[in-house]
Amino acid sequence: MGDAAPEGGTVLPGPCACRKPASEATRRMAKQKRKVTEMTEKKNKKLKKASTEETLLAPQAVSGTEQAHPEGEAVLGARQEPAPQLPALTPEEKRVLERKLKKERRKEERKWLRESGAAQSLPAKRSGAQLALDYLCGWAEKHENWRFQKTRQTWLLMHMYDSDQVPDALFSTLLAYLEGLRGRARELTVQKAEALMQEVDKASGAEPFPLGKTQRIRRVLQLLS
């Protein structure tokens, strides 16, 4: 229902005819807009919250790892660069090293003895010649402590033709000792004497053997042949 239109004019609609539909549409749009805005705000809050949590947790995880393994970096370095191992020594190298150490110990002992003055009281070490001649004398005297020693016998057989090594006073004792030679030692002694006698015969014209040595060779051959 509306007021009557003036003459020659247009009939205007009543106030309630157009306001009601416009008001409902506006409310619906406003309501949808609020919903969209609320949903957008909720999403933004969730994203912001998640981002903040990740930012806070990341340093804690790294810090926790560092605390759990504070020397992890050093251990890793040690594994990557192991300490070099010395190669195992061969038996020959071990013997050389032992001899070297033994020689150094003896050197230190002699130095200490010289410094302490005890070196003067030590008896001089006897040579192989002295030991061999003492061995021969012990046999001749039938000393109770005498015993066979191949090393001393070998020295006597090698040097018995040299008057500087075996004096003339002991050569007769040595011949008596040679009478007891048996087996291979006797054979080798005879062979050596025969070879020396051949050299004496060849050298008789140019450079003759010393007379004393020649006589010793002949006496040995006469005894053992």
# chains A, B, ... in the order shown; residues from 1 in each chain; ligands from 1
call {"tool": "residues_around", "arguments": {"residues": "Leu174 of chain A", "least_positions_apart": "2", "cutoff": "12 Å", "atoms": "only C-alpha atoms", "output": "ChimeraX atom specification"}}
result
/A:132-140,153,155-157,159-161,166-172,176-181,216,219-220,223
call {"tool": "atom_distance", "arguments": {"atom1": "atom CA of Leu101 of chain A", "atom2": "atom CA of Ala129 of chain A"}}
result
29.1 Å
call {"tool": "atom_distance", "arguments": {"atom1": "atom CA of Trp146 of chain A", "atom2": "atom CA of Gly128 of chain A"}}
result
16.7 Å
call {"tool": "select_by_dssp", "arguments": {"residues": "segment 84-224 of chain A", "states": "alpha helix (DSSP H)", "output": "ChimeraX atom specification"}}
result
/A:91-116,128-140,150-159,168-178,183-202,211-224
call {"tool": "atom_distance", "arguments": {"atom1": "atom CA of Asp164 of chain A", "atom2": "atom CA of Gly212 of chain A"}}
result
10.9 Å
